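Asks: Right, I'll just put the structure down here and ask away after.
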Protein chains: 4
Amino acid sequence: MKTEPRTDAMLMKFQSVRNFTEKLAKPLNTEDYVIQSMDDTSPPKWHLAHTSWFFERFILKPYLPDYQEINSAFDYLFNSYYETIGPFHPRNARGLITRPSVEEVFAYRKHVNEGIQRLLSTEAESSANILELLEIGLQHEQQHQELLLTDVKYNFSCNPLLPVYQERPYSESPGESPLYYIDVNGGLTETGTDQGPAFSFDNERPRHKEWLEDFAIASRPVTNREYLQFIEDKGYEKPEIWLSDGWSLVKKENWQGPLYWFKKEEEWHYFTLNGVRRVNLSEPVCHVSYFEADAYARWAGKRLPTEAEWEHAMRESEVEGNFAENGHCHPACGKKDSGIQQAYGDVWEWTMSPYVSYPGSRPLEGALGEYNAKFMSGQMVLRGGSCATSSSHIRLTYRNFFQPEKRWQFSGIRLADDRK
Amino acid sequence: MKTEPRTDAMLMKFQSVRNFTEKLAKPLNTEDYVIQSMDDTSPPKWHLAHTSWFFERFILKPYLPDYQEINSAFDYLFNSYYETIGPFHPRNARGLITRPSVEEVFAYRKHVNEGIQRLLSTEAESSANILELLEIGLQHEQQHQELLLTDVKYNFSCNPLLPVYQERPYSESPGESPLYYIDVNGGLTETGTDQGPAFSFDNERPRHKEWLEDFAIASRPVTNREYLQFIEDKGYEKPEIWLSDGWSLVKKENWQGPLYWFKKEEEWHYFTLNGVRRVNLSEPVCHVSYFEADAYARWAGKRLPTEAEWEHAMRESEVEGNFAENGHCHPACGKKDSGIQQAYGDVWEWTMSPYVSYPGSRPLEGALGEYNAKFMSGQMVLRGGSCATSSSHIRLTYRNFFQPEKRWQFSGIRLADDRK
Amino acid sequence: MKTEPRTDAMLMKFQSVRNFTEKLAKPLNTEDYVIQSMDDTSPPKWHLAHTSWFFERFILKPYLPDYQEINSAFDYLFNSYYETIGPFHPRNARGLITRPSVEEVFAYRKHVNEGIQRLLSTEAESSANILELLEIGLQHEQQHQELLLTDVKYNFSCNPLLPVYQERPYSESPGESPLYYIDVNGGLTETGTDQGPAFSFDNERPRHKEWLEDFAIASRPVTNREYLQFIEDKGYEKPEIWLSDGWSLVKKENWQGPLYWFKKEEEWHYFTLNGVRRVNLSEPVCHVSYFEADAYARWAGKRLPTEAEWEHAMRESEVEGNFAENGHCHPACGKKDSGIQQAYGDVWEWTMSPYVSYPGSRPLEGALGEYNAKFMSGQMVLRGGSCATSSSHIRLTYRNFFQPEKRWQFSGIRLADDRK
Amino acid sequence: MKTEPRTDAMLMKFQSVRNFTEKLAKPLNTEDYVIQSMDDTSPPKWHLAHTSWFFERFILKPYLPDYQEINSAFDYLFNSYYETIGPFHPRNARGLITRPSVEEVFAYRKHVNEGIQRLLSTEAESSANILELLEIGLQHEQQHQELLLTDVKYNFSCNPLLPVYQERPYSESPGESPLYYIDVNGGLTETGTDQGPAFSFDNERPRHKEWLEDFAIASRPVTNREYLQFIEDKGYEKPEIWLSDGWSLVKKENWQGPLYWFKKEEEWHYFTLNGVRRVNLSEPVCHVSYFEADAYARWAGKRLPTEAEWEHAMRESEVEGNFAENGHCHPACGKKDSGIQQAYGDVWEWTMSPYVSYPGSRPLEGALGEYNAKFMSGQMVLRGGSCATSSSHIRLTYRNFFQPEKRWQFSGIRLADDRK
């Protein structure tokens with residue numbers, strides 16, 4: 001039986017994304033799959049199972065007539081936060097679940113994969129609804145691929161042995177590109193996207209008008225070299241440049257630099273997925289919170305861009321850069337090109353925009369309405385993807401969001417400025 | 001010696017505002033001045049002293065040549081949060097300071113008042129700078145007048161004796177006005193204000209363009225009657241209508257109604273500054289958090305307005321209503337007029353806008369730059385003033401802001417809607 | 001009508017004890033009565049009311065036929081912890097109760113006093129039961145007198161103005177008495193007391209046999225001079241001399257000396273009820289926890305006495321010393337006498353005995369059974385009274401008890417040793 | 001080369017104990033070795049490594065000249081709490097250490113085993129000191145064997161899948177033996193032991209005199225049947241029978257029965273290492289805290305024994321019973337014999353004695369002095385061993401100790417009484 005081309009393409013994408021998750025998990029020991037080193041992270045094993053549960057719960061159970069689940073308890077264990085589906089295991093207790101074993105979780109993945117393949121092959125033409133749900137499921141899995149990397153990084157950093165996720169040659173740093181500001185004309189612009197052939201999340205929709213004043217945006221993200229000047233100028237000791245909540249954290253947590261930075265024999269080093277290294281000054285600074293990004297900008301006499309400004313400024317940039325696919329798992333130095341650089345990949349860029357719904361937006365119907373909308377409180381938008389994001393996942397209108405104190409994502413800084 | 005008219009006017013305003021603070025404190029026992037019943041509140045005594053310190057620190061010390069302070073420790077005790085001025089007493093320990101006594105605090109007020117009077121009378125024409133600082137100091141004191149009332153209310157509510165702040169006749173409820181939605185045309189609107197003859201805070205500036213789609217706004221705030229339907233429809237038990245952080249709070253704090261509501265013999269009552277009463281169904285609902293306002297709106301199939309929408313919709317409304325000056329200290333029922341009602345006074349109205357800086361804004365220079373700007377994280381904007389706000393303090397562009405979980409302010413709900 | 005002599009004596013004692021409470025409160029401002037500066041302390045106002053409630057609840061209500069209570073809510077507000085009587089106001093919220101006012105609390109005291117006087121005068125001979133309850137009530141009030149002083153001290157210490165409870169001349173320090181060890185023969189000794197004419201608490205009963213090995217006990221408490229050697233020898237930095245729980249506290253709380261000690265211009269000072277002073281090296285060290293007492297003893301190559309040893313060693317000592325009645329409110333230097341000194345008064349002496357019931361003990365019947373017995377977990381026994389204890393309250397068999405981390409009582413150290 | 005008989009015996013014991021640890025770990029998946037489900041527990045992997053570190057640190061490094069450690073970081077990772085040895089990994093972060101892997105930990109065990117074998121075989125006669133340290137190391141390992149079982153039980157109970165540690169047939173319950181009280185004569189008794197040929201911990205020494213009144217002791221531990229009567233009589237709702245700290249916990253934790261008990265279809269079940277089962281009413285009640293044991297005793301009109309009474313009463317009992325070696329891993333029903341039953345094994349029996357040092361005791365020299373002594377604060381003594389204790393580990397004078405709120409050990413209740 002022949003399947004329809006769109007179904008074929010989806011099947012290929014499905015296999016590719018699912019395989020990539022397992023490729024990312026390859027360097028892990030069985031033991032590494034189990035732990036949750038802080039409330040924000042999840043065990044690698046949980047990521048692998050939860051992403052499978054997503055397909056099972058939203059597609060296989062409703063649409064594959066004879067689907068048999070492996071274990072009915074998985075609906076409780078691997079539901080993340082969908083209140084309308086039913087009760088779920090407490091987030092902060094995910095690391096206490098040693099069973100199902102890693103092997104069983106991989107069997108669960110296989111079982112779900114086979115279900116999806118069966119579903120796609122049994123119908124000459126898969127319904128648009130199923131294809132759309134599959135697309136969401138794959139985008140969802142790509143988000144968890146990034147979390148898998150950032151969570152493993154955090155987990156490993158808690159071990160005094162500082163395990164190495166992967167051995168990679170230490171890439172010699174090219175000279176960094178100069179920093180300059182690019183003028184962007186404002187006016188009545190448009191932000192977001194409408195449901196089109198390309199996938200978008202509900203939080204990116206609809207495309208809507210937004211008035212922007214003229215502004216300037218930095219040609220590249222802030223580098224470690226620049227951020228080090230902030231540190232050396234006692235940026236972490238000057239309350240006047242910090243938001244009040246940020247300053248409280250600086251004192252409480254005794255922040256003295258980005259997450260993962262530490263001094264060894266008087267020199268700054270950082271923990272990376274490729275091992276401990278001396279800080280490469282030419283790379284974009286990474287693992288800073290919104291509070292640090294904001295304080296840095298104030299110290300530099302600039303500001304962060306709004307998300308509308310960011311989107312407007314990047315509209316012509318290609319989606320290319322240092323992504324998860326190349327396996328570097330660490331921000332890379334910039335090149336000496338002109339124009340806007342590193343718009344995508346390397347580091348997520350904090351914007352000064354709180355994460356709220358777009359005018360006229362409507363969340364998805366049903367449980368998937370909980371996917372994005374209910375988090376629209378207390379979080380800030382980040383744009384552009386990172387070295388842990390898949391290139392096929394990121395796009396101009398993509399909105400990532402985290403609380404302003406979070407630092408374990410690959411988050412960095414691009415400055416903006418008002419036009420004089 | 002004759003003073004200049006603008007100085008005269010300022011002196012009169014100074015005396016009037018300072019006296020009003022003391023009038024609000026009149027019903028308190030000495031004991032009532034001392035306590036801090038949660039971290040968000042401050043002891044009445046502290047409000048009285050801190051507002052005086054503000055004039056002393058920002059005006060008298062720099063500008064009155066021979067000014068003698070009463071006690072140099074007050075600079076530590078009564079600085080609220082100005083990091084650039086110096087260290088200050090921890091906010092959560094304000095209620096442990098029994099000395100200076102209430103009497104000494106009133107003497108401190110008198111001392112500062114005399115200093116200001118001397119300053120204003122010694123110069124034929126007070127400098128614009130001093131007049132501007134005085135204006136800020138008075139606006140500041142008016143903010144603390146409102147906090148004094150809300151803090152006393154919260155303090156008293158923690159006492160099982162439920163003390164009465166003031167005896168007031170129970171006003172018979174007029175029938176409430178009908179709820180309808182008023183269409184407002186959007187387009188390229190302007191929000192905020194520019195430095196003009198009238199006072200504004202730095203966070204209201206500059207006047208800037210904002211694109212709005214057409215929208216509709218409710219003719220009046222949500223009433224207790226309407227909110228009760230939400231409660232009875234199990235609004236507090238439906239996770240799907242709540243923001244995630246809000247739902248966590250509902251469960252953790254076991255919220256079942258607005259702050260101060262409780263059931264007595266099967267009927268809803270509330271604690272007010274005028275004593276415990278049966279809930280008046282025709283009044284605007286009050287003491288709800290942003291999370292509750294947002295959940296109510298979702299339950300009602302509507303949404304909250306943005307602050308730009310609110311400002312645009314209220315542009316023609318008069319600043320009139322139920323304010324602190326009339327001594328009611330409680331939201332009042334609406335009247336049966338047409339058009340937008342209760343735009344000002346009664347209850348602060350939560351907007352769906354996070355509190356961020358306006359495009360092109362610049363905080364004040366020096367320590368006063370800490371007044372507003374450093375709180376631009378994690379808070380939501382409220383508009384319109386309440387029954388505890390002075391009418392001379394509120395204005396169209398005024399931005400109040402609190403964290404989305406706070407409920408001890410007189411905060412209520414006005415709904416908005418997209419235009420179909 | 002003539003009352004019976006024993007009743008007369010009780011009435012005199014009643015008036016004397018009740019008056020002494022108010023005398024101790026005399027130096028307080030109205031504001032000082034209100035606050036609770038940590039969970040362990042209670043507001044002075046609460047002490048005054050609770051001690052009155054005790055007489056009202058256990059004597060007047062059951063035994064004075066026409067007794068009228070002032071306010072039925074006091075039964076909730078001023079019950080401390082008697083579960084069997086009914087619900088009570090949470091301990092940690094006692095400082096949020098500004099009403100009843102201080103004046104009303106004094107009126108409550110007067111009301112209760114009159115009730116007791118009426119009760120004692122209406123019967124020719126008061127029943128033994130009532131006299132016994134009165135005795136307990138007075139012993140109870142004396143305990144709260146001590147707490148009133150220690151709580152005021154702690155409250156004032158939280159105020160950067162460091163208020164002075166009373167002005168007292170700084171007594172020149174006499175040379176301290178030499179420290180030597182007194183041999184005490186052990187054997188089959190007796191500890192505790194049996195119900196006799198003299199009052200005792202249920203936790204002191206019954207008198208029972210205890211086998212003791214021969215031991216030695218220090219002639220006087222450890223002085224500040226000696227304790228300073230411990231500090232200077234880095235006693236607070238040596239984990240090996242600390243109990244595990246104590247060491248955790250040292251690190252968490254950053255203890256570097258006794259409570260109330262601080263360095264000013266390189267010299268140790270302490271906060272006292274008589275103001276801030278340079279540490280008098282000849283006085284007994286005070287405001288140390290059990291953990292510090294135990295660590296000091298280990299550092300000194302000695303140990304603390306058990307409570308049976310303490311009682312056995314002090315059996316011949318007179319109950320005399322520096323008590324609350326003399327108004328010094330601070331430990332005094334020792335005199336140069338021979339034999340055991342400062343057995344009573346000055347500082348409570350930590351023993352190495354956990355607070356448990358004596359063999360064959362029986363708690364009181366009814367709610368008063370909750371007085372002592374339910375605290376027999378996690379606390380250590382202290383003996384001998386302090387400068388804040390009334391001389392008429394302390395006795396050889398008296399058992400005080402606090403958690404090993406507490407420091408706000410006047411608690412000190414007397415060493416003991418095994419016999420070589 | 002021939003080794004000396006005492007050395008031979010030690011080698012055999014060494015191999016036997018070390019093997020038994022690994023036998024207990026046999027049913028675990030790799031994943032099960034990693035987690036720490038609360039601060040009190042440790043990951044199985046950590047137990048396996050820490051017990052090896054103990055031999056390495058205290059014996060191999062000082063005494064085996066050419067000993068090569070596998071990884072110098074293990075000294076930090078697997079030191080439990082020996083402050084005098086050096087810094088150690090925080091206790092509550094033991095579950096975040098996925099590396100070294102389980103395999104590497106087993107290799108570490110092997111490496112240490114070989115070291116010990118080499119040490120014992122290289123000298124014709126091992127020094128008494130080394131043999132003594134080995135004995136301590138083995139006793140230490142046996143303690144961790146018990147913790148391994150209790151920790152695995154707790155870990156598994158946190159998993160909604162309720163994994164089964166081992167499949168065991170459900171043993172039909174024999175009728176339980178009747179409960180009666182055995183009179184024991186007191187007098188001047190002796191408690192503890194002196195250093196003899198048999199091993200004892202420092203906290204069991206020296207043998208010392210203690211005066212005991214005549215008392216009675218229960219013939220067997222309290223059964224589930226009896227405890228259920230306490231539950232059904234609302235024992236968990238009666239504050240008057242609880243210690244104050246216990247009552248706080250009952251309310252805070254909502255205790256309604258022993259740990260691991262839950263109701264399923266109206267019937268009490270418990271989670272065991274052999275799976276979930278209906279509560280066997282004839283077994284000794286288990287997994288109760290001291291607070292529950294104490295409340296039960298008060299409810300029953302009895303009391304717990306002191307540790308001296310326990311030791312005196314059990315002096316003639318054989319060390320026999322239901323121990324770890326038989327693999328039952330759960331308390332067993334009693335038999336219908338006369339005399340004292342189940343003195344050893346089944347459940348640890350809470351005594352009413354706080355854990356303090358014996359008169360004249362001296363902790364071990366050096367770091368091993370930290371083994372027992374520094375925990376002599378805030379803990380209660382338990383006696384007799386449990387179904388998770390090795391029979392070769394327990395003895396008459398053995399003192400176990402835990403905080404009064406702990407419930408995850410196999411802890412039960414034996415009642416005592418004063419003689420009328």
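Ordering of the structure tokens sets the chain letters (A, B, ...); residue numbers start at 1 within each chain; ligands are numbered from 1 in the order shown.
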Quick one: which residues from chain B are at most 6 Å off chain A, using only C-alpha atoms, as a PyMOL selection string?
Replies: chain B and resi 210-211+243-244+374-375+378
Asks: Take the residues from that selection and put them in a file with N, CA, C and O atoms, as a compact mmCIF listing (two decimals), in the first residue's frame.
Replies:
# COMPACT_ATOMS: atom_id res chain seq x y z
N GLU B 210 1.40 53.52 20.43
CA GLU B 210 1.13 52.10 20.60
C GLU B 210 -0.02 51.73 19.68
O GLU B 210 -1.03 52.42 19.65
N TRP B 211 0.15 50.67 18.93
CA TRP B 211 -0.91 50.23 18.04
C TRP B 211 -1.90 49.36 18.80
O TRP B 211 -1.49 48.41 19.47
N LEU B 243 -3.71 30.35 35.36
CA LEU B 243 -2.29 30.31 35.04
C LEU B 243 -1.63 29.29 35.96
O LEU B 243 -2.07 29.08 37.09
N SER B 244 -0.57 28.68 35.49
CA SER B 244 0.06 27.60 36.24
C SER B 244 0.50 28.06 37.63
O SER B 244 0.24 27.40 38.64
N LYS B 374 13.57 49.91 39.33
CA LYS B 374 14.16 48.63 39.68
C LYS B 374 13.14 47.56 40.02
O LYS B 374 13.50 46.42 40.28
N PHE B 375 11.88 47.93 39.99
CA PHE B 375 10.84 46.93 40.26
C PHE B 375 10.21 46.37 38.99
O PHE B 375 9.19 45.69 39.04
N GLY B 378 8.49 40.96 37.14
CA GLY B 378 7.60 40.08 37.89
C GLY B 378 6.36 40.75 38.47
O GLY B 378 5.71 40.17 39.34
Asks: Please provide as JSON, numbers by chain all residues within 9 Å of Asp32 (chain C), with the sequence filter that same-chain residues fewer than 5 positions apart are discarded (counting only C-alpha atoms).
Replies: {"B": [31, 34, 97, 98, 99, 101], "C": [43, 44, 45, 152, 155, 156]}
Asks: Nearest to Glu309 (chain B): which of B:Gln145, B:Asn400, B:Asn185, B:Asn372 is it, counting only C-alpha atoms?
Replies: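 Counting only C-alpha atoms, the residue closest to Glu309 (chain B) is B:Asn185.
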Asks: Hey, what does DSSP flag as alpha helix (DSSP H) within region 157-357 of chain D? Can you give it to me as an MDAnalysis selection string?
Replies: chainID D and resid 157 224:232 244:253 290:299 307:313
Asks: Quote the spacing between CA of Arg109 (chain A) and CA of Ala49 (chain A) in Å to one decimal place.
Replies: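 Atom-to-atom, CA of Arg109 (chain A) and CA of Ala49 (chain A) are spaced 6.8 Å apart.
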Asks: So that I can see what lies close to Thr193 (chain B), please list as a list in words the residues with an atom at most 8 Å from it, counting only C-alpha atoms and leaving out residues fewer than 5 positions away in the same chain.
Replies: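 Here the qualifying residues turn out to be Ser200, Glu204, Arg205, Pro206, Arg207, His208 and Thr397 of chain B.
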Asks: Write out as a list of chain:residue names each polymer residue whose atoms come within 7 Å of region 314-326 of chain B, counting only C-alpha atoms; drop sequence neighbours fewer than 6 positions from it.
Replies: B:Ala332, B:Gln342, B:Ala343, B:Tyr344, B:Gly345, B:Asp346, B:Ser386, B:Cys387, B:Ala388, B:Thr389, B:Ser390, B:Ser391, B:Arg395, B:Leu396
Asks: I need the chosen residues saved as a short mmCIF file (atom, residue, chain, number, x, y, z; two decimals), in the first residue's frame, with N, CA, C and O atoms.
Replies:
data_model
loop_
_atom_site.label_atom_id
_atom_site.label_comp_id
_atom_site.auth_asym_id
_atom_site.auth_seq_id
_atom_site.Cartn_x
_atom_site.Cartn_y
_atom_site.Cartn_z
N ALA B 332 -17.52 51.19 46.73
CA ALA B 332 -18.94 51.55 46.77
C ALA B 332 -19.65 50.95 45.57
O ALA B 332 -19.04 50.60 44.56
N GLN B 342 -17.06 54.18 37.21
CA GLN B 342 -16.07 53.77 38.21
C GLN B 342 -14.68 53.56 37.60
O GLN B 342 -13.94 52.67 38.01
N ALA B 343 -14.37 54.41 36.62
CA ALA B 343 -13.02 54.33 36.04
C ALA B 343 -11.97 54.60 37.11
O ALA B 343 -10.90 53.99 37.12
N TYR B 344 -12.29 55.50 38.00
CA TYR B 344 -11.35 55.84 39.06
C TYR B 344 -11.96 55.52 40.43
O TYR B 344 -13.18 55.53 40.59
N GLY B 345 -11.09 55.27 41.37
CA GLY B 345 -11.56 55.02 42.73
C GLY B 345 -12.10 53.61 42.89
O GLY B 345 -11.99 52.77 41.99
N ASP B 346 -12.67 53.33 44.04
CA ASP B 346 -13.23 52.01 44.38
C ASP B 346 -12.17 50.91 44.41
O ASP B 346 -11.73 50.50 45.48
N SER B 386 -8.08 53.51 43.92
CA SER B 386 -9.07 52.78 44.71
C SER B 386 -9.69 53.70 45.75
O SER B 386 -9.36 54.89 45.81
N CYS B 387 -10.54 53.13 46.55
CA CYS B 387 -11.16 53.86 47.65
C CYS B 387 -10.15 54.29 48.71
O CYS B 387 -10.49 55.04 49.62
N ALA B 388 -8.90 53.81 48.59
CA ALA B 388 -7.87 54.20 49.54
C ALA B 388 -6.86 55.15 48.91
O ALA B 388 -5.86 55.52 49.52
N THR B 389 -7.12 55.55 47.66
CA THR B 389 -6.24 56.48 46.95
C THR B 389 -6.81 57.90 47.07
O THR B 389 -8.03 58.08 47.04
N SER B 390 -5.93 58.86 47.17
CA SER B 390 -6.41 60.24 47.15
C SER B 390 -6.75 60.67 45.73
O SER B 390 -6.02 60.33 44.80
N SER B 391 -7.80 61.42 45.60
CA SER B 391 -8.19 61.87 44.26
C SER B 391 -7.11 62.77 43.67
O SER B 391 -6.93 62.81 42.46
N ARG B 395 -4.38 59.70 38.31
CA ARG B 395 -4.55 60.35 37.01
C ARG B 395 -4.59 59.27 35.93
O ARG B 395 -4.30 58.10 36.21
N LEU B 396 -4.93 59.70 34.72
CA LEU B 396 -5.12 58.76 33.61
C LEU B 396 -3.91 57.86 33.40
O LEU B 396 -4.04 56.66 33.15
#
Asks: Rounded to one decimal in Å, what is the spacing between CA of Glu104 (chain B) and CA of Leu120 (chain B)?
Replies: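 These two atoms are separated by 24.2 Å.
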Asks: Using only C-alpha atoms, which residue out of C:Phe78, C:Asp40, C:Asn29, C:Tyr154 lies closest to Pro100 (chain B)?
Replies: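 Among the listed residues, C:Asn29 lies closest to Pro100 (chain B).
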Asks: When you look at region 55-66 of chain B with a cut-off of 12 Å (counting only C-alpha atoms), what residues show up, excluding the ones that are within fewer than 5 positions of it in the same chain? I need them as JSON, numbers by chain.
Replies: {"B": [14, 18, 48, 49, 50, 71, 72, 74, 75, 76, 78, 79, 80, 82, 85, 86, 108, 109, 110, 111, 112, 113, 114, 115, 116, 117, 118, 119, 120, 121, 122, 123, 126, 127, 129, 130, 131, 132, 133, 134, 135, 136, 137, 138, 139, 140, 141, 366, 367, 368]}
Asks: What gap, in Å, lies between CA of Pro197 (chain A) and CA of Ala9 (chain A)?
Replies: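 The value is 14.0 Å.
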